[in-house]
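K.L.:
Take a look at this one; I'll ask things after.
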Amino acid sequence: MELLVSDAQFDSGSRWLLFHAVAVFAFLYLPIAVLILYSFNGEGVGGFPPHHLTLDWYRLLFADAPIWDSVLNSLQVAFAAMVISLTFGVPAALALERAQFPGKALFRRLVLLPLILPGIITGLSLLMLFNVTGTELSLMTIILGHGTALISVATTEVFAGLQKLDRAQEEASLDLGANYWQTFWRITVPNLKLPIIGAALLIFTLSMDEIAVSFFLIGRDNTLPLEIWGRLRRGITPEINAVSTIIFLFSLIAIVFWYRLRMRSERTTDAGAEIVAVVEGDPA
Amino acid sequence: MFSRAYKAAVTLPPLIWVTAFLLMPYLLMFCYSFWSVSAAQTIEHSWNLSNYGQLLRVDVYWQTLLRSMWIAARVTIFSLLLGYPLAYFLSFYAGRKKDLLYQLVIIPLWVSYLVRAYAWKTILGSDGVLNTLLQYVRLTKHPLEFLLYSPFAVVLTLTHIYTPFAFLPIYAALEHIPRNLVEASHDLGATPGQTFWKVIFPLSIPGVVAGATFAFVLSLGDFLAPLLLGGPSGIMISNIVVSLFGAAYNWPLGAAISFCMLLLVVSLLFFSERLEKKWSFS
């Protein structure tokens, strides 16, 4: 686009655009910067300028048993939700790409809906189901909620991978006498390794952060976001900033890991493309 | 090449799971919306439309729904105003830094929703970062009270959260525009402004529609930001649903409101899909 940039009129336009971009980035990162900065502030969560920089809040945090219990709960939930979403999301992608059956359009919409539907509707409808069936609320009900809602992520990821997959390999495998089960595990899954790992990471992270669905399905044991939520209602200290900063660091590590995986594959799609696909109603 | 058995094996398990844990719950919500609560606080399974009647009759319900839509509309407009020029800048001017900047827009998406809402609370509060900063530099003598516990705080926070969502589809649409169209327009003597409004913008409309849908739908159903930052004047429709399922204990009425929201969301998705198809060029 050198052509356009050299244009005098566009030049002033692009300077304005640059200024706008800097402002938007500042807006996006301001709260995160404040959050991290004040996790070291001895005087509490507000107050300018910050002073008495300290690590006390982190020390307090590491001695805080309920927080760590909730972290353990969240890890369990995220892991189990990941297993459920992949177990049903991968076949769902295969079904959408390879099978024709009555109600397929409805099935596709239903699977993808939780990605765009406000969590309150998914959470409440499941709450009613558990209520009618007499299921006691516990971490298990949260796992079922997350696992079901996040099938959508596994399906979109794997479906995108499937469309780039060369079917000749599977065909050859079948021709050479392997059965479908062997072909699935030895050809299909290894070829979809990257989308599946990508989906697993995304599901894990989304589940660790999820609060709107968990809000309604919580039993006695808290997940980390709900533990934080409970504390926010009671009054806030920089300990919350400290735990948020640590979560942020772990999310960053997950992102870097994820993008490295992406770079190794030739795929150009990513979380952004996935969101686009979902809004536009793909996989069609 | 795939046998019937293969197709059945990949179709049936997810079909059954999704029917049990998505379709059934939505249908159950629909059923609940016709039931009622007896004086003894049990659910009466008698079918009538009184919950829907109440939604129309009692002012607070439809007024709150309208206010929520107004908040969601403002969030959508601000997200587009922030997201579109940013996407345009990245797609057409960022050169080699494009990929890096793109990742920078995505990263905040990975920071917990709750954590970001909380961060705004610590910024906007009366002892918060912004108010104490303003007093420190002597711009104001007293803290500005309207910053927190107001619709303003909710709109600001939700705009912060949904701007990346609005940005992504717009950026994808802009990236898909064949660059030779832009060059052709330029070569044929169009000014940069004409090129933008007659070539680039119309081709990016599907992305704008997708981004707007995302921002509107997700902020419409939000209840955590209003609880945390909204105060009494920032209450949204989902907060009413939460209280109906909690302290007010009227699940059927809550189900009726939820079901209306579900219908609203599904019809919005339907229309945005139609709009995108109409405007897409490929």
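The way I read the labels, and the way they are meant: chains A, B, ... in the order of the structure tokens, residue 1 as the first residue of every chain, and ligand 1 as the first ligand shown, with later ones counted on from there.
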Any idea what's packed within 9 Å of stretch 108-114 of chain B, counting only C-alpha atoms, ignoring anything in its chain fewer than 3 positions away? Could you give it as a ChimeraX atom specification?

P.N.:
/A:28-29,32,205-206,208-211,225,228-229,244,247-248,251-252,255 /B:104-105,117-119,161-162,164-165,224-225

K.L.:
Can you write out the residues you just picked, keeping C-alpha atoms, as an mmCIF file, in the first residue's frame?

P.N.:
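Saved result, again-v9.cif, follows:
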```cif
data_model
loop_
_atom_site.group_PDB
_atom_site.id
_atom_site.type_symbol
_atom_site.label_atom_id
_atom_site.label_comp_id
_atom_site.auth_asym_id
_atom_site.auth_seq_id
_atom_site.Cartn_x
_atom_site.Cartn_y
_atom_site.Cartn_z
ATOM 1 C CA LEU A 28 -7.271 -1.795 26.321
ATOM 2 C CA TYR A 29 -4.158 -2.057 28.474
ATOM 3 C CA ILE A 32 -4.358 -4.413 33.140
ATOM 4 C CA THR A 205 -8.385 -21.339 29.585
ATOM 5 C CA LEU A 206 -12.030 -20.414 28.938
ATOM 6 C CA MET A 208 -10.687 -21.500 34.163
ATOM 7 C CA ASP A 209 -12.116 -18.001 33.604
ATOM 8 C CA GLU A 210 -15.778 -18.851 33.220
ATOM 9 C CA ILE A 211 -18.159 -17.273 35.704
ATOM 10 C CA PRO A 225 -13.570 -16.913 39.633
ATOM 11 C CA ILE A 228 -12.845 -13.959 43.708
ATOM 12 C CA TRP A 229 -16.400 -12.828 43.050
ATOM 13 C CA SER A 244 -5.308 -11.607 39.058
ATOM 14 C CA ILE A 247 -3.708 -15.554 36.427
ATOM 15 C CA PHE A 248 -2.691 -13.026 33.779
ATOM 16 C CA SER A 251 -2.806 -16.805 30.475
ATOM 17 C CA LEU A 252 0.142 -15.130 28.761
ATOM 18 C CA ILE A 255 -1.095 -17.683 24.608
ATOM 19 C CA LEU B 104 -1.770 -7.253 21.109
ATOM 20 C CA VAL B 105 -5.480 -6.745 20.434
ATOM 21 C CA ALA B 117 -14.330 -5.504 35.395
ATOM 22 C CA TYR B 118 -12.722 -5.421 38.842
ATOM 23 C CA ALA B 119 -9.802 -3.368 37.502
ATOM 24 C CA ILE B 161 -14.400 -5.977 27.089
ATOM 25 C CA TYR B 162 -16.155 -6.135 23.711
ATOM 26 C CA PRO B 164 -11.645 -6.771 20.652
ATOM 27 C CA PHE B 165 -14.733 -8.823 19.734
ATOM 28 C CA LEU B 224 -21.806 -9.236 36.460
ATOM 29 C CA ALA B 225 -20.615 -5.801 35.327
#
```

K.L.:
Give me, as a tab-separated table (two decimals) with C-alpha atoms, in the first residue's frame, the residues of chain B touching chain A, with the criterion being at most 6 Å (counting only C-alpha atoms).

P.N.:
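So out.tsv came out as:
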```tsv
chain	number	residue	atom	x	y	z
B	7	LYS	CA	-21.48	-41.75	10.16
B	10	VAL	CA	-19.65	-39.83	14.84
B	11	THR	CA	-23.17	-38.38	14.76
B	14	PRO	CA	-22.78	-35.64	20.14
B	25	PRO	CA	-32.79	-27.42	29.00
B	26	TYR	CA	-33.96	-24.76	26.53
B	29	MET	CA	-37.00	-23.19	30.21
B	86	LEU	CA	-8.04	0.21	14.56
B	89	PHE	CA	-5.10	0.92	10.48
B	111	VAL	CA	-7.53	-11.78	30.70
B	112	SER	CA	-10.42	-12.90	32.83
B	119	ALA	CA	-9.80	-3.37	37.50
B	122	THR	CA	-10.53	0.15	41.30
B	127	ASP	CA	-11.02	6.51	46.36
B	128	GLY	CA	-10.03	4.98	43.05
B	129	VAL	CA	-7.02	5.61	40.88
B	132	THR	CA	-7.18	10.41	43.44
B	133	LEU	CA	-5.13	11.25	40.35
B	168	LEU	CA	-11.83	-9.25	15.01
B	169	PRO	CA	-14.49	-9.80	12.32
B	210	ALA	CA	-20.71	-9.66	12.79
B	218	LEU	CA	-23.04	-10.42	24.80
B	221	GLY	CA	-27.12	-10.48	28.63
```

K.L.:
So which residues touch B:Pro178 within 10 Å, counting only C-alpha atoms, skipping near sequence neighbours fewer than 4 positions away, as a PDB file with N, CA and C atoms, in the first residue's frame?

P.N.:
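So the final result, stored in around-v1.pdb, reads:
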```
ATOM      1  N   LEU B 174     -11.641  -6.850   6.348  1.00  0.00           N
ATOM      2  CA  LEU B 174     -10.729  -5.927   5.649  1.00  0.00           C
ATOM      3  C   LEU B 174      -9.571  -6.694   5.006  1.00  0.00           C
ATOM      4  N   VAL B 182      -8.469  -1.879  -4.516  1.00  0.00           N
ATOM      5  CA  VAL B 182      -8.124  -0.582  -3.946  1.00  0.00           C
ATOM      6  C   VAL B 182      -7.210   0.168  -4.906  1.00  0.00           C
ATOM      7  N   GLU B 183      -6.246  -0.558  -5.473  1.00  0.00           N
ATOM      8  CA  GLU B 183      -5.324   0.084  -6.415  1.00  0.00           C
ATOM      9  C   GLU B 183      -6.062   0.543  -7.671  1.00  0.00           C
ATOM     10  N   ILE B 200     -13.793   0.227   0.008  1.00  0.00           N
ATOM     11  CA  ILE B 200     -13.389  -0.510   1.203  1.00  0.00           C
ATOM     12  C   ILE B 200     -14.547  -0.691   2.174  1.00  0.00           C
ATOM     13  N   LEU B 203     -17.307  -3.211   1.316  1.00  0.00           N
ATOM     14  CA  LEU B 203     -16.824  -4.599   1.358  1.00  0.00           C
ATOM     15  C   LEU B 203     -16.591  -5.081   2.784  1.00  0.00           C
TER      16      LEU B 203
END
```

K.L.:
Would you kindly return, as a list in words, each protein, DNA or RNA residue with an atom no farther than 8 Å from any atom of stretch 64-71 of chain A, considering only C-alpha atoms and excluding same-chain residues fewer than 2 positions away?

P.N.:
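Once the adjacent positions are removed, what remains is Leu60, Leu61, Phe62, Asn73, Ser74, Leu75, Asp221, Asn222, Thr223, Leu224 and Glu227 of chain A.
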
K.L.:
Could you tell me how far atom CA of B:Arg67 lies from atom CA of B:Ile123, in Å and to one decimal?

P.N.:
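Distance reported for this atom pair: 24.6 Å.
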
K.L.:
Report as number ranges by chain all protein, DNA and RNA residues lying within 12 Å of B:Ser272, evaluated on only C-alpha atoms, omitting residues in the same chain fewer than 6 positions from it.

P.N.:
A: 279-281; B: 205-214, 216-217, 265-266, 278-280

K.L.:
Please indicate the distance in Å from atom CA of A:Val158 to atom CA of A:Ile196, rounded to one decimal place.

P.N.:
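If I compute the distance from atom CA of A:Val158 to atom CA of A:Ile196, I get 6.3 Å.
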
K.L.:
Going by DSSP on the backbone, which bits of stretch 21-179 of chain B are strand (DSSP E)? Write them as a list in words, please.

P.N.:
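Filtering stretch 21-179 of chain B to strand (DSSP E) leaves Ser36, Val37, Ile43 and Glu44 of chain B.
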
K.L.:
Only C-alpha atoms, please: the residues just picked out, written as a tab-separated table (two decimals), in the first residue's frame.

P.N.:
```tsv
chain	number	residue	atom	x	y	z
B	36	SER	CA	-46.27	-20.44	38.36
B	37	VAL	CA	-45.27	-20.39	42.02
B	43	ILE	CA	-43.89	-24.79	41.38
B	44	GLU	CA	-47.45	-25.17	40.03
```

K.L.:
Would you please extract all helix (DSSP H, G or I) residues from stretch 7-227 of chain B, as assigned by DSSP on the backbone, and give them as number ranges by chain?

P.N.:
B: 7-32, 50-57, 59-93, 95-110, 113-124, 129-136, 145-147, 151-175, 179-187, 192-220, 224-227

K.L.:
Considering only C-alpha atoms, state which residue in the set B:Ile107, B:Leu27, B:Met261, B:Leu253 is at the smallest distance from B:Leu49.

P.N.:
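Going through B:Ile107, B:Leu27, B:Met261, B:Leu253 one by one, the smallest distance to B:Leu49 is for B:Leu253.
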
K.L.:
So that I can see what lies close to stretch 162-164 of chain A, please list as a list in words the residues with an atom at most 10 Å from it, counting only C-alpha atoms and leaving out residues fewer than 2 positions away in the same chain.

P.N.:
Ala93, Leu94, Glu97, Arg98, Thr156, Glu157, Val158, Phe159, Ala160, Asp166, Arg167, Thr188, Asn191, Leu192, Pro195, Arg267 and Pro283 of chain A
